[in-house]
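J.: Take a look at protein08.csv, CSV, N, CA, C and O atoms:
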chain,number,residue,atom,x,y,z
A,28,MET,N,0.9,-1.2,0.0
A,28,MET,CA,0.0,0.0,0.0
A,28,MET,C,0.9,1.2,0.0
A,28,MET,O,1.9,1.3,0.7
A,29,SER,N,0.5,2.2,-0.8
A,29,SER,CA,1.4,3.4,-0.9
A,29,SER,C,1.3,4.3,0.3
A,29,SER,O,0.3,4.2,1.1
A,30,HIS,N,2.3,5.0,0.5
A,30,HIS,CA,2.4,6.0,1.7
A,30,HIS,C,1.3,7.0,1.6
A,30,HIS,O,0.7,7.4,2.6
A,31,SER,N,0.9,7.4,0.4
A,31,SER,CA,-0.1,8.5,0.3
A,31,SER,C,-1.5,8.1,0.8
A,31,SER,O,-2.3,9.0,1.2
A,32,LYS,N,-1.7,6.8,0.9
A,32,LYS,CA,-3.0,6.4,1.4
A,32,LYS,C,-3.1,6.5,2.9
A,32,LYS,O,-4.2,6.4,3.5
A,33,HIS,N,-2.0,6.7,3.6
A,33,HIS,CA,-2.0,6.8,5.0
A,33,HIS,C,-1.9,8.2,5.5
A,33,HIS,O,-1.9,8.4,6.7
A,34,THR,N,-1.8,9.2,4.7
A,34,THR,CA,-1.6,10.6,5.1
A,34,THR,C,-2.8,11.4,4.9
A,34,THR,O,-3.6,11.2,3.9
A,35,LYS,N,-3.1,12.3,5.8
A,35,LYS,CA,-4.2,13.2,5.6
A,35,LYS,C,-3.7,14.5,4.9
A,35,LYS,O,-2.6,14.8,4.8
A,36,ARG,N,-4.7,15.2,4.4
A,36,ARG,CA,-4.4,16.5,3.7
A,36,ARG,C,-3.9,17.4,4.8
A,36,ARG,O,-4.4,17.5,5.9
A,37,GLY,N,-2.8,18.2,4.5
A,37,GLY,CA,-2.2,19.1,5.4
A,37,GLY,C,-1.2,18.4,6.4
A,37,GLY,O,-0.7,19.1,7.3
A,38,TYR,N,-0.9,17.2,6.2
A,38,TYR,CA,0.0,16.4,7.1
A,38,TYR,C,1.3,16.2,6.4
A,38,TYR,O,1.3,15.8,5.2
A,39,SER,N,2.4,16.4,7.0
A,39,SER,CA,3.7,16.2,6.5
A,39,SER,C,4.5,15.3,7.4
A,39,SER,O,4.6,15.6,8.6
A,40,LEU,N,4.9,14.1,7.0
A,40,LEU,CA,5.7,13.2,7.8
A,40,LEU,C,7.0,13.9,8.2
A,40,LEU,O,7.5,13.8,9.3
A,41,TYR,N,7.6,14.8,7.3
A,41,TYR,CA,8.8,15.5,7.6
A,41,TYR,C,8.6,16.4,8.8
A,41,TYR,O,9.4,16.4,9.7
A,42,ILE,N,7.5,17.2,8.8
A,42,ILE,CA,7.2,18.1,9.9
A,42,ILE,C,6.8,17.4,11.2
A,42,ILE,O,7.3,17.7,12.3
A,43,GLU,N,6.0,16.4,11.1
A,43,GLU,CA,5.5,15.7,12.3
A,43,GLU,C,6.5,14.7,13.0
A,43,GLU,O,6.5,14.6,14.2
A,44,LYS,N,7.4,14.1,12.2
A,44,LYS,CA,8.3,13.1,12.8
A,44,LYS,C,9.8,13.4,12.7
A,44,LYS,O,10.5,13.2,13.6
A,45,TRP,N,10.2,13.9,11.5
A,45,TRP,CA,11.6,14.0,11.3
A,45,TRP,C,12.2,15.3,11.8
A,45,TRP,O,13.4,15.3,12.2
A,46,ASN,N,11.5,16.4,11.6
A,46,ASN,CA,12.1,17.7,12.0
A,46,ASN,C,11.0,18.5,12.7
A,46,ASN,O,10.4,19.4,12.1
A,47,ARG,N,10.8,18.3,14.0
A,47,ARG,CA,9.8,19.0,14.7
A,47,ARG,C,10.1,20.4,15.0
A,47,ARG,O,9.2,21.2,15.4
A,48,SER,N,11.3,20.9,14.8
A,48,SER,CA,11.6,22.3,15.0
A,48,SER,C,10.9,23.2,13.9
A,48,SER,O,10.9,24.4,14.1
A,49,VAL,N,10.4,22.6,12.9
A,49,VAL,CA,9.7,23.3,11.8
A,49,VAL,C,8.4,23.9,12.4
A,49,VAL,O,8.0,25.0,11.9
A,50,LYS,N,7.9,23.4,13.4
A,50,LYS,CA,6.6,23.9,14.0
A,50,LYS,C,6.7,25.3,14.4
A,50,LYS,O,5.7,26.0,14.6
A,51,LYS,N,7.9,25.9,14.7
A,51,LYS,CA,8.0,27.3,15.0
A,51,LYS,C,7.6,28.2,13.9
A,51,LYS,O,7.4,29.4,14.1
A,52,TYR,N,7.6,27.6,12.7
A,52,TYR,CA,7.2,28.4,11.5
A,52,TYR,C,5.7,28.2,11.1
A,52,TYR,O,5.3,28.6,10.1
A,53,ILE,N,5.0,27.5,12.0
A,53,ILE,CA,3.5,27.3,11.8
A,53,ILE,C,2.7,28.2,12.7
A,53,ILE,O,2.9,28.1,13.9
A,54,ASN,N,1.9,29.0,12.1
A,54,ASN,CA,1.0,29.9,12.9
A,54,ASN,C,-0.3,29.2,13.1
A,54,ASN,O,-0.8,28.6,12.2
A,55,THR,N,-0.9,29.4,14.3
A,55,THR,CA,-2.2,28.9,14.6
A,55,THR,C,-3.0,30.0,15.2
A,55,THR,O,-2.6,30.6,16.2
A,56,CYS,N,-4.2,30.3,14.7
A,56,CYS,CA,-5.1,31.3,15.2
A,56,CYS,C,-5.5,31.0,16.6
A,56,CYS,O,-6.0,29.8,16.8
A,57,ALA,N,-5.5,31.9,17.5
A,57,ALA,CA,-5.9,31.7,18.9
A,57,ALA,C,-7.4,31.6,19.0
A,57,ALA,O,-7.9,31.0,20.0
A,58,ILE,N,-8.2,32.0,18.0
A,58,ILE,CA,-9.6,32.0,18.1
A,58,ILE,C,-10.2,30.7,17.4
A,58,ILE,O,-10.8,29.9,18.0
A,59,CYS,N,-9.9,30.6,16.1
A,59,CYS,CA,-10.5,29.5,15.4
A,59,CYS,C,-9.6,28.2,15.2
A,59,CYS,O,-10.1,27.2,14.9
A,60,GLY,N,-8.4,28.4,15.5
A,60,GLY,CA,-7.5,27.2,15.5
A,60,GLY,C,-6.9,26.9,14.1
A,60,GLY,O,-6.3,25.9,13.9
A,61,GLN,N,-7.2,27.7,13.1
A,61,GLN,CA,-6.7,27.5,11.7
A,61,GLN,C,-5.2,27.6,11.8
A,61,GLN,O,-4.6,28.4,12.4
A,62,SER,N,-4.5,26.7,11.0
A,62,SER,CA,-3.1,26.7,10.9
A,62,SER,C,-2.6,27.1,9.5
A,62,SER,O,-3.3,26.8,8.5
A,63,GLY,N,-1.4,27.6,9.5
A,63,GLY,CA,-0.8,28.0,8.2
A,63,GLY,C,0.6,28.4,8.5
A,63,GLY,O,1.1,28.5,9.6
A,64,TYR,N,1.4,28.6,7.4
A,64,TYR,CA,2.8,28.9,7.6
A,64,TYR,C,3.0,30.4,7.9
A,64,TYR,O,2.2,31.2,7.5
A,65,SER,N,4.0,30.7,8.6
A,65,SER,CA,4.4,32.0,8.9
A,65,SER,C,5.0,32.8,7.7
A,65,SER,O,5.7,32.2,7.0
A,66,PRO,N,4.6,34.0,7.5
A,66,PRO,CA,5.2,34.8,6.4
A,66,PRO,C,6.7,35.0,6.5
A,66,PRO,O,7.4,35.4,5.6
A,67,VAL,N,7.3,34.6,7.7
A,67,VAL,CA,8.7,34.7,7.9
A,67,VAL,C,9.5,33.9,6.9
A,67,VAL,O,10.6,34.3,6.4
A,68,ILE,N,8.9,32.8,6.5
A,68,ILE,CA,9.7,31.9,5.5
A,68,ILE,C,9.7,32.5,4.1
A,68,ILE,O,10.5,32.0,3.3
A,69,GLU,N,9.0,33.5,3.9
A,69,GLU,CA,9.0,34.1,2.5
A,69,GLU,C,10.1,35.2,2.4
A,69,GLU,O,10.2,35.8,1.3
A,70,GLN,N,10.8,35.5,3.5
A,70,GLN,CA,11.8,36.5,3.4
A,70,GLN,C,12.9,36.0,2.5
A,70,GLN,O,13.2,34.8,2.5
A,71,GLU,N,13.6,36.9,1.9
A,71,GLU,CA,14.6,36.5,0.8
A,71,GLU,C,15.8,35.7,1.4
A,71,GLU,O,16.3,34.9,0.7
A,72,ASN,N,16.2,36.0,2.6
A,72,ASN,CA,17.4,35.3,3.2
A,72,ASN,C,17.0,34.0,4.0
A,72,ASN,O,17.9,33.4,4.5
A,73,PHE,N,15.7,33.6,4.0
A,73,PHE,CA,15.4,32.4,4.7
A,73,PHE,C,15.9,31.1,4.1
A,73,PHE,O,16.4,30.2,4.8
A,74,CYS,N,16.0,31.0,2.8
A,74,CYS,CA,16.4,29.8,2.2
A,74,CYS,C,17.9,29.7,1.9
A,74,CYS,O,18.4,29.1,1.0
A,75,ASP,N,18.7,30.4,2.8
A,75,ASP,CA,20.1,30.4,2.6
A,75,ASP,C,20.7,29.0,3.0
A,75,ASP,O,21.7,28.6,2.4
A,76,SER,N,20.1,28.3,3.9
A,76,SER,CA,20.7,27.0,4.3
A,76,SER,C,19.9,25.9,3.6
A,76,SER,O,18.7,26.1,3.2
A,77,PHE,N,20.5,24.7,3.5
A,77,PHE,CA,19.8,23.6,2.9
A,77,PHE,C,18.6,23.1,3.7
A,77,PHE,O,17.6,22.8,3.1
A,78,GLU,N,18.7,23.1,5.0
A,78,GLU,CA,17.6,22.7,5.8
A,78,GLU,C,16.4,23.7,5.7
A,78,GLU,O,15.3,23.2,5.6
A,79,ASN,N,16.7,25.0,5.6
A,79,ASN,CA,15.6,25.9,5.4
A,79,ASN,C,14.9,25.8,4.1
A,79,ASN,O,13.7,26.1,4.0
A,80,LYS,N,15.7,25.4,3.1
A,80,LYS,CA,15.0,25.2,1.8
A,80,LYS,C,14.0,24.0,1.8
A,80,LYS,O,12.9,24.1,1.3
A,81,ILE,N,14.4,23.0,2.6
A,81,ILE,CA,13.5,21.8,2.7
A,81,ILE,C,12.3,22.2,3.6
A,81,ILE,O,11.1,21.9,3.2
A,82,ILE,N,12.5,23.0,4.6
A,82,ILE,CA,11.4,23.5,5.5
A,82,ILE,C,10.5,24.3,4.6
A,82,ILE,O,9.2,24.1,4.7
A,83,TYR,N,11.0,25.2,3.8
A,83,TYR,CA,10.2,26.1,2.9
A,83,TYR,C,9.3,25.2,2.0
A,83,TYR,O,8.1,25.5,1.9
A,84,LYS,N,9.9,24.3,1.3
A,84,LYS,CA,9.2,23.4,0.4
A,84,LYS,C,8.1,22.6,1.1
A,84,LYS,O,6.9,22.5,0.6
A,85,GLU,N,8.4,22.1,2.2
A,85,GLU,CA,7.4,21.3,3.0
A,85,GLU,C,6.2,22.1,3.4
A,85,GLU,O,5.0,21.7,3.3
A,86,LEU,N,6.5,23.3,4.0
A,86,LEU,CA,5.4,24.2,4.4
A,86,LEU,C,4.5,24.7,3.3
A,86,LEU,O,3.3,24.7,3.4
A,87,LEU,N,5.1,25.0,2.2
A,87,LEU,CA,4.3,25.5,1.0
A,87,LEU,C,3.5,24.4,0.5
A,87,LEU,O,2.4,24.6,0.0
A,88,LYS,N,4.0,23.1,0.6
A,88,LYS,CA,3.3,22.0,0.0
A,88,LYS,C,2.1,21.6,0.9
A,88,LYS,O,1.0,21.2,0.4
A,89,THR,N,2.2,21.8,2.2
A,89,THR,CA,1.1,21.3,3.1
A,89,THR,C,0.2,22.4,3.7
A,89,THR,O,-0.9,22.1,4.0
A,90,LEU,N,0.6,23.6,3.7
A,90,LEU,CA,-0.2,24.7,4.4
A,90,LEU,C,-0.3,25.9,3.5
A,90,LEU,O,0.4,26.1,2.6
A,91,ARG,N,-1.3,26.7,3.9
A,91,ARG,CA,-1.4,28.1,3.3
A,91,ARG,C,-0.8,29.1,4.2
A,91,ARG,O,-0.6,28.9,5.4
A,92,LYS,N,-0.5,30.3,3.6
A,92,LYS,CA,0.0,31.4,4.4
A,92,LYS,C,-1.0,31.9,5.4
A,92,LYS,O,-2.2,32.0,5.1
A,93,LEU,N,-0.6,32.1,6.6
A,93,LEU,CA,-1.5,32.6,7.7
A,93,LEU,C,-0.8,33.7,8.5
A,93,LEU,O,0.2,33.4,9.2
A,94,GLU,N,-1.2,34.9,8.3
A,94,GLU,CA,-0.7,36.0,9.0
A,94,GLU,C,-1.5,36.2,10.3
A,94,GLU,O,-2.7,36.1,10.2
A,95,LEU,N,-0.9,36.5,11.4
A,95,LEU,CA,-1.6,36.7,12.7
A,95,LEU,C,-1.3,38.1,13.1
A,95,LEU,O,-0.2,38.7,12.9
A,96,ASP,N,-2.2,38.7,13.9
A,96,ASP,CA,-2.0,40.1,14.4
A,96,ASP,C,-1.3,39.9,15.8
A,96,ASP,O,-0.9,38.8,16.2
A,97,GLU,N,-1.1,41.0,16.5
A,97,GLU,CA,-0.4,41.0,17.8
A,97,GLU,C,-1.1,40.1,18.8
A,97,GLU,O,-0.5,39.7,19.8
A,98,LEU,N,-2.4,39.9,18.7
A,98,LEU,CA,-3.1,39.1,19.6
A,98,LEU,C,-3.2,37.6,19.2
A,98,LEU,O,-3.9,36.8,19.9
A,99,GLY,N,-2.6,37.3,18.1
A,99,GLY,CA,-2.6,35.9,17.7
A,99,GLY,C,-3.8,35.5,16.9
A,99,GLY,O,-4.1,34.3,16.8
A,100,ARG,N,-4.5,36.4,16.3
A,100,ARG,CA,-5.7,36.2,15.5
A,100,ARG,C,-5.5,36.3,14.1
A,100,ARG,O,-4.7,37.1,13.6
A,101,CYS,N,-6.2,35.4,13.3
A,101,CYS,CA,-6.1,35.5,11.8
A,101,CYS,C,-7.0,36.7,11.4
A,101,CYS,O,-7.7,37.3,12.2
A,102,LYS,N,-6.9,37.1,10.2
A,102,LYS,CA,-7.6,38.3,9.7
A,102,LYS,C,-9.1,38.2,9.8
A,102,LYS,O,-9.8,39.1,10.2
A,103,ILE,N,-9.6,37.0,9.5
A,103,ILE,CA,-11.1,36.8,9.6
A,103,ILE,C,-11.6,37.0,11.0
A,103,ILE,O,-12.5,37.7,11.3
A,104,CYS,N,-10.9,36.3,12.0
A,104,CYS,CA,-11.3,36.4,13.4
A,104,CYS,C,-11.1,37.8,13.9
A,104,CYS,O,-12.0,38.3,14.7
A,105,ALA,N,-10.1,38.5,13.5
A,105,ALA,CA,-9.8,39.8,14.0
A,105,ALA,C,-10.9,40.8,13.5
A,105,ALA,O,-11.4,41.6,14.2
A,106,ASN,N,-11.3,40.6,12.2
A,106,ASN,CA,-12.4,41.5,11.7
A,106,ASN,C,-13.7,41.2,12.4
A,106,ASN,O,-14.4,42.2,12.7
A,107,VAL,N,-14.1,40.0,12.7
A,107,VAL,CA,-15.3,39.7,13.4
A,107,VAL,C,-15.3,40.2,14.8
A,107,VAL,O,-16.2,40.9,15.2
A,108,GLN,N,-14.2,40.0,15.5
A,108,GLN,CA,-14.1,40.5,16.9
A,108,GLN,C,-14.1,42.0,16.9
A,108,GLN,O,-14.8,42.6,17.8
A,109,ASP,N,-13.4,42.6,16.1
A,109,ASP,CA,-13.3,44.1,16.1
A,109,ASP,C,-14.7,44.7,15.7
A,109,ASP,O,-15.1,45.7,16.3
A,110,ARG,N,-15.4,44.1,14.8
A,110,ARG,CA,-16.7,44.6,14.4
A,110,ARG,C,-17.7,44.5,15.5
A,110,ARG,O,-18.4,45.4,15.8
A,111,HIS,N,-17.7,43.3,16.2
A,111,HIS,CA,-18.7,43.1,17.2
A,111,HIS,C,-18.2,43.7,18.6
A,111,HIS,O,-19.0,44.0,19.4
A,112,GLY,N,-16.9,43.8,18.8
A,112,GLY,CA,-16.4,44.4,20.0
A,112,GLY,C,-16.6,45.9,20.1
A,112,GLY,O,-16.7,46.4,21.2
A,113,SER,N,-16.6,46.6,19.0
A,113,SER,CA,-16.8,48.0,19.0
A,113,SER,C,-18.2,48.4,19.5
A,113,SER,O,-18.3,49.5,20.0
A,114,GLY,N,-19.2,47.6,19.3
A,114,GLY,CA,-20.5,47.9,19.7
A,114,GLY,C,-20.8,47.7,21.2
A,114,GLY,O,-21.8,48.1,21.7
A,115,LEU,N,-19.9,47.0,21.9
A,115,LEU,CA,-20.1,46.7,23.3
A,115,LEU,C,-19.7,47.8,24.2
A,115,LEU,O,-20.0,47.8,25.4
A,116,ARG,N,-19.0,48.8,23.7
A,116,ARG,CA,-18.5,49.8,24.6
A,116,ARG,C,-19.5,50.8,25.0
A,116,ARG,O,-20.4,51.2,24.7
Take the structure I supplied and represent it as structure tokens, if you would.
T.:
Amino acid sequence: MSHSKHTKRGYSLYIEKWNRSVKKYINTCAICGQSGYSPVIEQENFCDSFENKIIYKELLKTLRKLELDELGRCKICANVQDRHGSGLR
């Protein structure tokens, strides 16, 4: 049986088992729990080392870009909270 039949969408054996330090480049929204890669990996000097090139390829292959604000919220959750939170004051 092929390896692909045992893996879920968004799962990377490299990230989960072989190089767990990659998880520092994965952002997770504090509200909804959505995961994505950090925009840090798109900086031009990130892929200077061989290991970072592999990390970059694995994250792009398995996740979408996810920017978080200073409170750890994705854009959608921040918009909803800010819209509904302004009426409570």
J.: Nearest to A:Gln108: which of A:Val67, A:Ile53, A:Ile82, A:Ile58 is it, counting only C-alpha atoms?
T.: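 Smallest distance to A:Gln108 is found for A:Ile58.
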J.: When you draw a straight line from atom CA of A:Gly63 to atom CA of A:Thr89, how long is it in Å?
T.: 8.6 Å
J.: Which is closest to A:Pro66 among A:Lys51, A:Lys84, A:Lys102, A:Lys92, if we use only C-alpha atoms?
T.: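 Smallest distance to A:Pro66 is found for A:Lys92.
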J.: Suppose you want the space between atom O of A:Cys104 and atom O of A:Ser48; what is it in Å?
T.: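 Taking atom O of A:Cys104 and atom O of A:Ser48, their separation equals 26.8 Å.
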J.: If I take atom O of A:Gly60 and atom C of A:Ala105, how far is one from the other in Å, to one decimal?
T.: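 We find that atom O of A:Gly60 and atom C of A:Ala105 lie 15.6 Å from each other.
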J.: In terms of the shortest atom-to-atom distance over all atoms listed in the file, which of A:Leu93, A:Leu98, A:Val107, A:Leu87 is closest to A:Ser65?
T.: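 Ranked by minimum distance to A:Ser65, first place goes to A:Leu93.
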J.: Could you name the residues that touch A:Ser62 at 5 Å or less, counting all atoms listed in the file, but leaving out those on the same chain fewer than 3 positions away, as a ChimeraX atom specification?
T.: /A:54-55,91
J.: Just need the box for stretch 50-63 of chain A, edges along x, y and z, holding every atom the file lists for it with 5 Å tacked onto each side, so centre and edge lengths in Å to one decimal, as AutoDock Vina command-line options.
T.:
--center_x -1.4 --center_y 27.7 --center_z 14.1 --size_x 28.8 --size_y 18.6 --size_z 21.8
J.: Which residues, written as a tab-separated table (two decimals) with N, CA, C and O atoms, in the coordinates of the input, have at least one atom at most 6 Å from A:Ile68, with all atoms listed in the file counted and residues fewer than 5 positions away on the same chain left out?
T.:
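Saved to result_15.tsv:
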chain	number	residue	atom	x	y	z
A	73	PHE	N	15.70	33.60	4.00
A	73	PHE	CA	15.40	32.40	4.70
A	73	PHE	C	15.90	31.10	4.10
A	73	PHE	O	16.40	30.20	4.80
A	74	CYS	N	16.00	31.00	2.80
A	74	CYS	CA	16.40	29.80	2.20
A	74	CYS	C	17.90	29.70	1.90
A	74	CYS	O	18.40	29.10	1.00
A	83	TYR	N	11.00	25.20	3.80
A	83	TYR	CA	10.20	26.10	2.90
A	83	TYR	C	9.30	25.20	2.00
A	83	TYR	O	8.10	25.50	1.90
J.: Going by DSSP on the backbone, which bits of stretch 40-99 of chain A are strand (DSSP E)? Write them as a ChimeraX atom specification, please.
T.: /A:53-55,62-64
J.: Is it possible to add all heavy atoms to stretch 91-102 of chain A and hand it back as a PDB file, in the coordinates of the input?
T.:
ATOM      1  N   ARG A  91      -1.300  26.700   3.900  1.00  0.00           N
ATOM      2  CA  ARG A  91      -1.400  28.100   3.300  1.00  0.00           C
ATOM      3  C   ARG A  91      -0.800  29.100   4.200  1.00  0.00           C
ATOM      4  O   ARG A  91      -0.600  28.900   5.400  1.00  0.00           O
ATOM      5  CB  ARG A  91      -2.896  28.405   3.173  1.00  0.00           C
ATOM      6  CG  ARG A  91      -3.640  27.504   2.246  1.00  0.00           C
ATOM      7  CD  ARG A  91      -5.061  27.964   2.147  1.00  0.00           C
ATOM      8  NE  ARG A  91      -5.854  26.918   1.522  1.00  0.00           N
ATOM      9  CZ  ARG A  91      -7.153  26.916   1.484  1.00  0.00           C
ATOM     10  NH1 ARG A  91      -7.834  27.887   2.052  1.00  0.00           N
ATOM     11  NH2 ARG A  91      -7.801  25.943   0.890  1.00  0.00           N
ATOM     12  N   LYS A  92      -0.500  30.300   3.600  1.00  0.00           N
ATOM     13  CA  LYS A  92       0.000  31.400   4.400  1.00  0.00           C
ATOM     14  C   LYS A  92      -1.000  31.900   5.400  1.00  0.00           C
ATOM     15  O   LYS A  92      -2.200  32.000   5.100  1.00  0.00           O
ATOM     16  CB  LYS A  92       0.421  32.495   3.449  1.00  0.00           C
ATOM     17  CG  LYS A  92       1.040  33.686   4.111  1.00  0.00           C
ATOM     18  CD  LYS A  92       1.409  34.702   3.037  1.00  0.00           C
ATOM     19  CE  LYS A  92       1.985  35.949   3.609  1.00  0.00           C
ATOM     20  NZ  LYS A  92       2.356  36.901   2.543  1.00  0.00           N
ATOM     21  N   LEU A  93      -0.600  32.100   6.600  1.00  0.00           N
ATOM     22  CA  LEU A  93      -1.500  32.600   7.700  1.00  0.00           C
ATOM     23  C   LEU A  93      -0.800  33.700   8.500  1.00  0.00           C
ATOM     24  O   LEU A  93       0.200  33.400   9.200  1.00  0.00           O
ATOM     25  CB  LEU A  93      -1.913  31.479   8.621  1.00  0.00           C
ATOM     26  CG  LEU A  93      -2.890  31.882   9.719  1.00  0.00           C
ATOM     27  CD1 LEU A  93      -4.232  32.312   9.126  1.00  0.00           C
ATOM     28  CD2 LEU A  93      -3.095  30.760  10.706  1.00  0.00           C
ATOM     29  N   GLU A  94      -1.200  34.900   8.300  1.00  0.00           N
ATOM     30  CA  GLU A  94      -0.700  36.000   9.000  1.00  0.00           C
ATOM     31  C   GLU A  94      -1.500  36.200  10.300  1.00  0.00           C
ATOM     32  O   GLU A  94      -2.700  36.100  10.200  1.00  0.00           O
ATOM     33  CB  GLU A  94      -0.719  37.308   8.184  1.00  0.00           C
ATOM     34  CG  GLU A  94       0.173  37.232   6.969  1.00  0.00           C
ATOM     35  CD  GLU A  94       0.145  38.514   6.153  1.00  0.00           C
ATOM     36  OE1 GLU A  94       0.162  39.593   6.757  1.00  0.00           O
ATOM     37  OE2 GLU A  94       0.087  38.401   4.925  1.00  0.00           O
ATOM     38  N   LEU A  95      -0.900  36.500  11.400  1.00  0.00           N
ATOM     39  CA  LEU A  95      -1.600  36.700  12.700  1.00  0.00           C
ATOM     40  C   LEU A  95      -1.300  38.100  13.100  1.00  0.00           C
ATOM     41  O   LEU A  95      -0.200  38.700  12.900  1.00  0.00           O
ATOM     42  CB  LEU A  95      -1.068  35.740  13.735  1.00  0.00           C
ATOM     43  CG  LEU A  95      -1.253  34.258  13.445  1.00  0.00           C
ATOM     44  CD1 LEU A  95      -0.644  33.426  14.572  1.00  0.00           C
ATOM     45  CD2 LEU A  95      -2.716  33.910  13.269  1.00  0.00           C
ATOM     46  N   ASP A  96      -2.200  38.700  13.900  1.00  0.00           N
ATOM     47  CA  ASP A  96      -2.000  40.100  14.400  1.00  0.00           C
ATOM     48  C   ASP A  96      -1.300  39.900  15.800  1.00  0.00           C
ATOM     49  O   ASP A  96      -0.900  38.800  16.200  1.00  0.00           O
ATOM     50  CB  ASP A  96      -3.314  40.842  14.565  1.00  0.00           C
ATOM     51  CG  ASP A  96      -4.306  40.234  15.534  1.00  0.00           C
ATOM     52  OD1 ASP A  96      -3.994  39.210  16.166  1.00  0.00           O
ATOM     53  OD2 ASP A  96      -5.409  40.796  15.657  1.00  0.00           O
ATOM     54  N   GLU A  97      -1.100  41.000  16.500  1.00  0.00           N
ATOM     55  CA  GLU A  97      -0.400  41.000  17.800  1.00  0.00           C
ATOM     56  C   GLU A  97      -1.100  40.100  18.800  1.00  0.00           C
ATOM     57  O   GLU A  97      -0.500  39.700  19.800  1.00  0.00           O
ATOM     58  CB  GLU A  97      -0.090  42.380  18.272  1.00  0.00           C
ATOM     59  CG  GLU A  97      -1.328  43.194  18.591  1.00  0.00           C
ATOM     60  CD  GLU A  97      -1.980  43.849  17.384  1.00  0.00           C
ATOM     61  OE1 GLU A  97      -1.386  43.859  16.291  1.00  0.00           O
ATOM     62  OE2 GLU A  97      -3.102  44.348  17.539  1.00  0.00           O
ATOM     63  N   LEU A  98      -2.400  39.900  18.700  1.00  0.00           N
ATOM     64  CA  LEU A  98      -3.100  39.100  19.600  1.00  0.00           C
ATOM     65  C   LEU A  98      -3.200  37.600  19.200  1.00  0.00           C
ATOM     66  O   LEU A  98      -3.900  36.800  19.900  1.00  0.00           O
ATOM     67  CB  LEU A  98      -4.554  39.648  19.776  1.00  0.00           C
ATOM     68  CG  LEU A  98      -4.635  41.074  20.312  1.00  0.00           C
ATOM     69  CD1 LEU A  98      -6.069  41.573  20.307  1.00  0.00           C
ATOM     70  CD2 LEU A  98      -4.042  41.156  21.705  1.00  0.00           C
ATOM     71  N   GLY A  99      -2.600  37.300  18.100  1.00  0.00           N
ATOM     72  CA  GLY A  99      -2.600  35.900  17.700  1.00  0.00           C
ATOM     73  C   GLY A  99      -3.800  35.500  16.900  1.00  0.00           C
ATOM     74  O   GLY A  99      -4.100  34.300  16.800  1.00  0.00           O
ATOM     75  N   ARG A 100      -4.500  36.400  16.300  1.00  0.00           N
ATOM     76  CA  ARG A 100      -5.700  36.200  15.500  1.00  0.00           C
ATOM     77  C   ARG A 100      -5.500  36.300  14.100  1.00  0.00           C
ATOM     78  O   ARG A 100      -4.700  37.100  13.600  1.00  0.00           O
ATOM     79  CB  ARG A 100      -6.832  37.176  15.905  1.00  0.00           C
ATOM     80  CG  ARG A 100      -7.104  37.299  17.378  1.00  0.00           C
ATOM     81  CD  ARG A 100      -8.079  38.413  17.661  1.00  0.00           C
ATOM     82  NE  ARG A 100      -7.538  39.708  17.219  1.00  0.00           N
ATOM     83  CZ  ARG A 100      -8.212  40.851  17.307  1.00  0.00           C
ATOM     84  NH1 ARG A 100      -9.436  40.886  17.785  1.00  0.00           N
ATOM     85  NH2 ARG A 100      -7.655  41.972  16.891  1.00  0.00           N
ATOM     86  N   CYS A 101      -6.200  35.400  13.300  1.00  0.00           N
ATOM     87  CA  CYS A 101      -6.100  35.500  11.800  1.00  0.00           C
ATOM     88  C   CYS A 101      -7.000  36.700  11.400  1.00  0.00           C
ATOM     89  O   CYS A 101      -7.700  37.300  12.200  1.00  0.00           O
ATOM     90  CB  CYS A 101      -6.633  34.243  11.165  1.00  0.00           C
ATOM     91  SG  CYS A 101      -8.373  33.866  11.432  1.00  0.00           S
ATOM     92  N   LYS A 102      -6.900  37.100  10.200  1.00  0.00           N
ATOM     93  CA  LYS A 102      -7.600  38.300   9.700  1.00  0.00           C
ATOM     94  C   LYS A 102      -9.100  38.200   9.800  1.00  0.00           C
ATOM     95  O   LYS A 102      -9.800  39.100  10.200  1.00  0.00           O
ATOM     96  CB  LYS A 102      -7.239  38.597   8.211  1.00  0.00           C
ATOM     97  CG  LYS A 102      -5.849  39.094   8.004  1.00  0.00           C
ATOM     98  CD  LYS A 102      -5.581  39.371   6.538  1.00  0.00           C
ATOM     99  CE  LYS A 102      -4.168  39.842   6.324  1.00  0.00           C
ATOM    100  NZ  LYS A 102      -3.892  40.129   4.922  1.00  0.00           N
TER     101      LYS A 102
END
